[in-house]
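Q: Okay, so here is my_file.cif, and as you'll see once you scroll down, it has mmCIF, C-alpha atoms.
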data_start
#
loop_
_atom_site.group_PDB
_atom_site.id
_atom_site.type_symbol
_atom_site.label_atom_id
_atom_site.label_comp_id
_atom_site.auth_asym_id
_atom_site.auth_seq_id
_atom_site.Cartn_x
_atom_site.Cartn_y
_atom_site.Cartn_z
ATOM 1 C CA MET A 1118 74.341 -167.502 -34.709
ATOM 2 C CA LYS A 1119 71.435 -166.024 -32.737
ATOM 3 C CA GLU A 1120 69.845 -169.463 -32.322
ATOM 4 C CA ILE A 1121 73.122 -170.979 -31.138
ATOM 5 C CA LYS A 1122 73.489 -168.234 -28.521
ATOM 6 C CA LYS A 1123 69.929 -168.890 -27.333
ATOM 7 C CA MET A 1124 70.620 -172.649 -27.058
ATOM 8 C CA LEU A 1125 73.812 -171.988 -25.093
ATOM 9 C CA PHE A 1126 71.908 -169.622 -22.799
ATOM 10 C CA THR A 1127 69.243 -172.278 -22.208
ATOM 11 C CA THR A 1128 71.913 -174.872 -21.438
ATOM 12 C CA GLN A 1129 73.699 -172.532 -19.038
ATOM 13 C CA ARG A 1130 70.374 -171.675 -17.356
ATOM 14 C CA PHE A 1131 69.618 -175.374 -16.892
ATOM 15 C CA GLN A 1132 73.051 -176.054 -15.408
ATOM 16 C CA ILE A 1133 72.791 -173.190 -12.930
ATOM 17 C CA LEU A 1134 69.292 -174.151 -11.812
ATOM 18 C CA ALA A 1135 70.167 -177.859 -11.634
ATOM 19 C CA HIS A 1136 73.115 -177.019 -9.410
ATOM 20 C CA PHE A 1137 70.946 -174.754 -7.229
ATOM 21 C CA THR A 1138 68.323 -177.478 -6.743
ATOM 22 C CA ASN A 1139 70.780 -180.355 -6.212
ATOM 23 C CA SER A 1140 70.717 -181.147 -2.506
ATOM 24 C CA ALA A 1141 74.046 -182.983 -2.784
ATOM 25 C CA ALA A 1142 75.852 -180.062 -4.421
ATOM 26 C CA GLU A 1143 77.866 -177.493 -2.539
ATOM 27 C CA LYS A 1144 75.721 -174.359 -2.190
ATOM 28 C CA ASN A 1145 77.955 -171.788 -3.834
ATOM 29 C CA LEU A 1146 75.192 -170.125 -5.854
ATOM 30 C CA SER A 1147 73.104 -167.527 -4.105
ATOM 31 C CA ALA A 1148 69.335 -167.778 -4.243
ATOM 32 C CA ALA A 1149 69.259 -164.320 -5.849
ATOM 33 C CA TYR A 1150 71.588 -165.419 -8.648
ATOM 34 C CA ALA A 1151 69.596 -168.597 -9.308
ATOM 35 C CA TYR A 1152 66.384 -166.565 -9.249
ATOM 36 C CA ALA A 1153 67.753 -164.141 -11.825
ATOM 37 C CA TRP A 1154 68.439 -167.045 -14.167
ATOM 38 C CA ASP A 1155 65.097 -168.668 -13.413
ATOM 39 C CA ARG A 1156 63.105 -165.492 -14.167
ATOM 40 C CA SER A 1157 65.434 -164.135 -16.858
ATOM 41 C CA VAL A 1158 66.506 -161.006 -14.993
ATOM 42 C CA TYR A 1159 70.037 -159.830 -15.751
ATOM 43 C CA PRO A 1160 71.926 -160.412 -12.454
ATOM 44 C CA LEU A 1161 73.413 -156.934 -12.215
ATOM 45 C CA LEU A 1162 74.342 -157.265 -8.545
ATOM 46 C CA ASP A 1163 76.202 -160.543 -9.081
ATOM 47 C CA GLU A 1164 79.132 -159.216 -11.045
ATOM 48 C CA VAL A 1165 81.513 -161.558 -9.222
ATOM 49 C CA ALA A 1166 79.887 -164.533 -10.945
ATOM 50 C CA PRO A 1167 81.058 -164.761 -14.568
ATOM 51 C CA TRP A 1168 78.476 -167.094 -16.098
ATOM 52 C CA HIS A 1169 75.905 -164.514 -17.166
ATOM 53 C CA LYS A 1170 78.234 -161.958 -18.721
ATOM 54 C CA SER A 1171 78.454 -163.463 -22.197
ATOM 55 C CA PHE A 1172 74.656 -163.887 -22.300
ATOM 56 C CA ALA A 1173 73.605 -160.339 -21.373
ATOM 57 C CA GLU A 1174 71.369 -159.866 -24.416
ATOM 58 C CA GLN A 1175 69.526 -163.146 -23.748
ATOM 59 C CA PHE A 1176 67.891 -162.043 -20.496
ATOM 60 C CA ASP A 1177 64.316 -160.762 -20.745
ATOM 61 C CA VAL A 1178 65.079 -157.991 -18.256
ATOM 62 C CA GLN A 1179 68.140 -156.388 -19.772
ATOM 63 C CA GLN A 1180 71.144 -155.016 -17.893
ATOM 64 C CA GLU A 1181 70.277 -151.381 -18.610
ATOM 65 C CA ASP A 1182 66.652 -151.911 -17.496
ATOM 66 C CA ILE A 1183 67.508 -153.417 -14.107
ATOM 67 C CA LYS A 1184 70.139 -150.727 -13.627
ATOM 68 C CA GLU A 1185 67.633 -147.960 -14.375
ATOM 69 C CA LEU A 1186 65.037 -149.535 -12.052
ATOM 70 C CA MET A 1187 67.602 -149.805 -9.283
ATOM 71 C CA GLU A 1188 68.599 -146.155 -9.738
ATOM 72 C CA TYR A 1189 64.963 -145.037 -9.650
ATOM 73 C CA LEU A 1190 64.222 -147.055 -6.502
ATOM 74 C CA GLN A 1191 67.453 -145.785 -4.915
ATOM 75 C CA GLU A 1192 66.340 -142.217 -5.592
ATOM 76 C CA CYS A 1193 62.969 -142.924 -3.941
ATOM 77 C CA PHE A 1194 64.707 -144.583 -1.007
ATOM 78 C CA ASP A 1195 67.231 -141.758 -0.563
ATOM 79 C CA LYS A 1196 64.462 -139.139 -0.638
ATOM 80 C CA GLU A 1197 62.379 -141.275 1.744
ATOM 81 C CA ILE A 1198 59.580 -141.502 -0.806
ATOM 82 C CA SER A 1199 57.262 -144.404 -0.069
ATOM 83 C CA ILE A 1200 56.425 -145.853 -3.455
ATOM 84 C CA THR A 1201 53.761 -148.493 -3.947
ATOM 85 C CA PHE A 1202 53.910 -151.203 -6.567
ATOM 86 C CA TYR A 1203 50.941 -149.583 -8.340
ATOM 87 C CA GLU A 1204 52.873 -146.297 -8.433
ATOM 88 C CA LEU A 1205 55.905 -148.127 -9.782
ATOM 89 C CA GLU A 1206 53.736 -149.593 -12.537
ATOM 90 C CA GLU A 1207 52.386 -146.138 -13.284
ATOM 91 C CA HIS A 1208 55.937 -144.762 -13.473
ATOM 92 C CA TYR A 1209 56.759 -147.373 -16.135
ATOM 93 C CA GLY A 1210 53.479 -146.983 -18.021
ATOM 94 C CA ILE A 1211 51.989 -150.339 -17.049
ATOM 95 C CA GLN A 1212 48.212 -150.442 -16.875
ATOM 96 C CA GLY A 1213 47.225 -153.747 -15.299
ATOM 97 C CA VAL A 1214 48.219 -157.364 -15.669
ATOM 98 C CA SER A 1215 47.619 -157.728 -19.397
ATOM 99 C CA ARG A 1216 49.273 -154.529 -20.597
ATOM 100 C CA SER A 1217 52.879 -153.634 -20.985
ATOM 101 C CA GLY A 1218 54.799 -150.414 -20.797
ATOM 102 C CA GLU A 1219 57.642 -149.643 -23.151
ATOM 103 C CA LYS A 1220 60.081 -152.035 -21.451
ATOM 104 C CA TRP A 1221 58.213 -153.648 -18.586
ATOM 105 C CA ASP A 1222 55.112 -155.644 -17.795
ATOM 106 C CA ARG A 1223 53.794 -156.402 -14.311
ATOM 107 C CA PHE A 1224 55.601 -159.718 -13.993
ATOM 108 C CA SER A 1225 59.004 -158.644 -15.292
ATOM 109 C CA LEU A 1226 58.864 -155.649 -12.942
ATOM 110 C CA ALA A 1227 57.934 -157.900 -10.005
ATOM 111 C CA HIS A 1228 60.747 -160.339 -10.891
ATOM 112 C CA ALA A 1229 63.280 -157.504 -11.024
ATOM 113 C CA CYS A 1230 62.059 -156.129 -7.692
ATOM 114 C CA ARG A 1231 62.275 -159.558 -6.080
ATOM 115 C CA TYR A 1232 65.847 -159.933 -7.309
ATOM 116 C CA LEU A 1233 66.709 -156.567 -5.705
ATOM 117 C CA PHE A 1234 64.890 -157.543 -2.496
ATOM 118 C CA MET A 1235 66.907 -160.763 -2.246
ATOM 119 C CA HIS A 1236 70.082 -158.696 -2.490
ATOM 120 C CA ASP A 1237 68.923 -156.602 0.469
ATOM 121 C CA LYS A 1238 68.640 -153.448 -1.589
ATOM 122 C CA TYR A 1239 66.835 -150.796 0.451
ATOM 123 C CA ASP A 1240 65.272 -151.797 3.753
ATOM 124 C CA LYS A 1241 62.368 -153.973 4.866
ATOM 125 C CA ASP A 1242 60.130 -150.952 5.512
ATOM 126 C CA PHE A 1243 60.629 -149.784 1.923
ATOM 127 C CA TRP A 1244 59.610 -153.187 0.525
ATOM 128 C CA ASN A 1245 56.802 -153.775 3.024
ATOM 129 C CA ASN A 1246 55.265 -150.416 2.132
ATOM 130 C CA MET A 1247 55.499 -151.218 -1.571
ATOM 131 C CA MET A 1248 53.745 -154.552 -1.058
ATOM 132 C CA GLN A 1249 50.898 -153.501 1.257
ATOM 133 C CA ASP A 1250 47.644 -155.238 0.348
ATOM 134 C CA SER A 1251 45.853 -152.205 -1.040
ATOM 135 C CA LYS A 1252 48.991 -150.875 -2.758
ATOM 136 C CA SER A 1253 50.063 -153.866 -4.811
ATOM 137 C CA PRO A 1254 48.417 -156.575 -6.902
ATOM 138 C CA ALA A 1255 48.067 -160.021 -5.325
ATOM 139 C CA GLU A 1256 50.307 -161.648 -7.955
ATOM 140 C CA THR A 1257 53.276 -159.513 -6.841
ATOM 141 C CA LYS A 1258 53.279 -160.530 -3.167
ATOM 142 C CA CYS A 1259 56.184 -162.902 -3.862
ATOM 143 C CA VAL A 1260 58.501 -159.878 -4.213
ATOM 144 C CA ILE A 1261 59.255 -159.938 -0.493
ATOM 145 C CA ARG A 1262 60.015 -163.660 -0.250
ATOM 146 C CA ASN A 1263 63.252 -165.523 -0.646
ATOM 147 C CA PHE A 1264 63.648 -167.972 -3.518
ATOM 148 C CA THR A 1265 63.838 -171.689 -2.730
ATOM 149 C CA GLU A 1266 64.671 -174.825 -4.651
ATOM 150 C CA GLU A 1267 60.997 -175.840 -4.578
ATOM 151 C CA GLU A 1268 60.119 -172.924 -6.862
ATOM 152 C CA VAL A 1269 62.283 -174.189 -9.711
ATOM 153 C CA HIS A 1270 60.331 -176.138 -12.324
ATOM 154 C CA PHE A 1271 62.108 -177.787 -15.225
ATOM 155 C CA GLU A 1272 59.489 -177.528 -17.935
#
Now that the file is in, can you turn its structure into structure tokens?

A:
Amino acid sequence: MKEIKKMLFTTQRFQILAHFTNSAAEKNLSAAYAYAWDRSVYPLLDEVAPWHKSFAEQFDVQQEDIKELMEYLQECFDKEISITFYELEEHYGIQGVSRSGEKWDRFSLAHACRYLFMHDKYDKDFWNNMMQDSKSPAETKCVIRNFTEEEVHFE
């Protein structure tokens, strides 16, 4: 049953990304929603869309993880705490590109942050401070960019 669920998830992922990249299709999928599927981040802020709900356990970044990250960043934002990406990694016990914390690694954390950025969570100053050159690794600079069709690779 687990393998069938994974195959269905993969099929659904393909359909969503194919629709997002199809220039002839009506654009009724947000870039943030397509990105979440592309990078396997549970699309917590897209509760209106139903397609991910039955696949919650298939996403690499689980619903409770993205929710906890969002709550932590909201707390920093509300208290006007400028957090850097390196500090965020430290908070989650990540020590560099090749090591993982309990739930996160550098890339899954960056993907989750980018998803939140695309949903306009927090403000530009918050994100720009987090991504300053000396305060974030080079491979996370994409966090403050929108997601485009050109980034989708069907491999």

Q: Atom CA of A:Ala1141 and atom CA of A:His1169 are how many Å apart?

A: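 Separation of atom CA of A:Ala1141 and atom CA of A:His1169: 23.5 Å.
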
Q: Let me know the residues the PyMOL selection byres ((chain A and resi 1254) around 10) catches in the file above, as a list in words.

A: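 Residues picked by the PyMOL selection byres ((chain A and resi 1254) around 10): Phe1202, Tyr1203, Gly1213, Val1214, Arg1223, Met1248, Gln1249, Asp1250, Ser1251, Lys1252, Ser1253, Ala1255, Glu1256, Thr1257 and Lys1258 of chain A.
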
Q: Rank nothing, just name the residue among A:Val1158, A:Ala1229, A:Ile1200, A:Ala1151 nearest to A:Met1187, using only C-alpha atoms.

A: A:Ala1229

Q: Which one is closest to A:Asp1177: A:Trp1221, A:Tyr1209, A:Tyr1152, A:Phe1194? Count all atoms listed in the file.

A: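 Counting all atoms listed in the file, the residue closest to A:Asp1177 is A:Trp1221.
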
Q: Could you tell me, as number ranges by chain, which residues have any atom at most 10 Å from (62.9, -156.2, -11.9), counting all atoms listed in the file?

A: A: 1153, 1156-1160, 1178-1179, 1182-1187, 1221-1234, 1260

Q: Please write as a JSON list (two decimals) with C-alpha atoms, keeping the file's coordinate frame the full residue list that the PyMOL selection byres ((chain A and resi 1198) around 12) yields on this file.

A:
[["chain", "number", "residue", "atom", "x", "y", "z"],
["A", 1189, "TYR", "CA", 64.96, -145.04, -9.65],
["A", 1190, "LEU", "CA", 64.22, -147.06, -6.50],
["A", 1191, "GLN", "CA", 67.45, -145.78, -4.92],
["A", 1192, "GLU", "CA", 66.34, -142.22, -5.59],
["A", 1193, "CYS", "CA", 62.97, -142.92, -3.94],
["A", 1194, "PHE", "CA", 64.71, -144.58, -1.01],
["A", 1195, "ASP", "CA", 67.23, -141.76, -0.56],
["A", 1196, "LYS", "CA", 64.46, -139.14, -0.64],
["A", 1197, "GLU", "CA", 62.38, -141.28, 1.74],
["A", 1199, "SER", "CA", 57.26, -144.40, -0.07],
["A", 1200, "ILE", "CA", 56.42, -145.85, -3.46],
["A", 1201, "THR", "CA", 53.76, -148.49, -3.95],
["A", 1204, "GLU", "CA", 52.87, -146.30, -8.43],
["A", 1205, "LEU", "CA", 55.90, -148.13, -9.78],
["A", 1239, "TYR", "CA", 66.83, -150.80, 0.45],
["A", 1242, "ASP", "CA", 60.13, -150.95, 5.51],
["A", 1243, "PHE", "CA", 60.63, -149.78, 1.92],
["A", 1244, "TRP", "CA", 59.61, -153.19, 0.52],
["A", 1246, "ASN", "CA", 55.26, -150.42, 2.13],
["A", 1247, "MET", "CA", 55.50, -151.22, -1.57]]

Q: Please indicate the distance in Å from atom CA of A:Thr1265 to atom CA of A:Glu1143, rounded to one decimal place.

A: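 So the answer is 15.2 Å.
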
Q: Separation of atom CA of A:Leu1162 and atom CA of A:His1236, in Å?

A: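 Taking atom CA of A:Leu1162 and atom CA of A:His1236, their separation equals 7.5 Å.
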
Q: Kindly indicate which residue among A:His1208, A:Lys1144, A:Ala1149, A:Trp1154 lies nearest to A:Ala1173, using only C-alpha atoms for the distances.

A: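 Comparing A:His1208, A:Lys1144, A:Ala1149, A:Trp1154 against A:Ala1173, the winner is A:Trp1154.
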
Q: Find, counting all atoms listed in the file, the residue in A:Gln1180, A:Val1269, A:Met1235, A:Gln1175 that gets nearest to A:Ile1121.

A: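 Smallest separation from A:Ile1121 among the options: A:Gln1175.
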
Q: Here is a test: counting all atoms listed in the file, which residue of A:Glu1181, A:Asp1163, A:Asp1240, A:Glu1120 is nearest to A:Lys1220?

A: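 Closest residue, counting all atoms listed in the file: A:Glu1181.
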
Q: Which residues come within 9 Å of A:Phe1131, counting all atoms listed in the file, excluding same-chain residues fewer than 5 positions away, as number ranges by chain?

A: A: 1126, 1136, 1154-1155, 1271

Q: So that I can see what lies close to A:Glu1266, please list as number ranges by chain the residues with an atom at most 10 Å from it, counting only C-alpha atoms and leaving out residues fewer than 5 positions away in the same chain.

A: A: 1134-1140, 1148, 1151-1152

Q: I need the residue nearest A:Lys1123 from this list: A:Lys1238, A:Gly1210, A:Glu1174, A:Tyr1150. Use only C-alpha atoms for the distance.

A: A:Glu1174

Q: Kindly provide, as lines of an AutoDock Vina configuration file, the centre and edge lengths (Å, one decimal) of an axis-aligned box around all atoms of stretch 1175-1191 of chain A given in the file, with 4 Å on each side.

A:
center_x = 67.7
center_y = -154.1
center_z = -14.3
size_x = 14.9
size_y = 26.1
size_z = 26.8
